[in-house]
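Engineer: I am attaching a structure below and will ask some questions about it afterwards.
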Amino acid sequence: MQQGSSTRAGGCFLTLFILLGFLFGLSIRDPLKGTLIGTAIGAAFALATWLIDRRRRG
């Protein structure tokens, strides 16, 4: 573990968008579709966060 390095957490986006996707899916009466959409969006945000953090660290 490196001391002094700060990383950003992207997993919060994944969790948040899965839950929001599920709620959206309930509103359209297709919770699986909403969950899958939320997972895809959350994974994209988590990946973007990781890439940005990686670029900043060098």
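A note on labels: chains of the structure tokens are A, B, ... as shown, every chain counts residues from 1, and ligands are counted from 1 in their shown order.
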List the neighbours of Thr49 of chain A out to 9 Å using only C-alpha atoms; skip same-chain residues closer than 3 positions along the sequence, and give me the result as a list in words.
Structural biologist: Arg8, Ala9, Gly10, Ala44, Phe45, Ala46, Ile52, Asp53 and Arg54 of chain A
Engineer: So that I can check the secondary structure, give me every residue of chain A assigned helix (DSSP H, G or I) by backbone DSSP, as number ranges by chain.
Structural biologist: A: 11-27, 31-57
Engineer: So that I can check the surroundings of segment 14-19 of chain A, please list as a list in words every protein, DNA and RNA residue that reaches within 12 Å of it, counting only C-alpha atoms and ignoring chain neighbours fewer than 6 positions away.
Structural biologist: Gly25, Leu26, Pro31, Leu32, Lys33, Gly34, Thr35, Leu36, Ile37, Gly38, Thr39, Ala40, Ile41, Gly42, Ala43, Ala44, Phe45, Ala46, Leu47, Ala48 and Thr49 of chain A
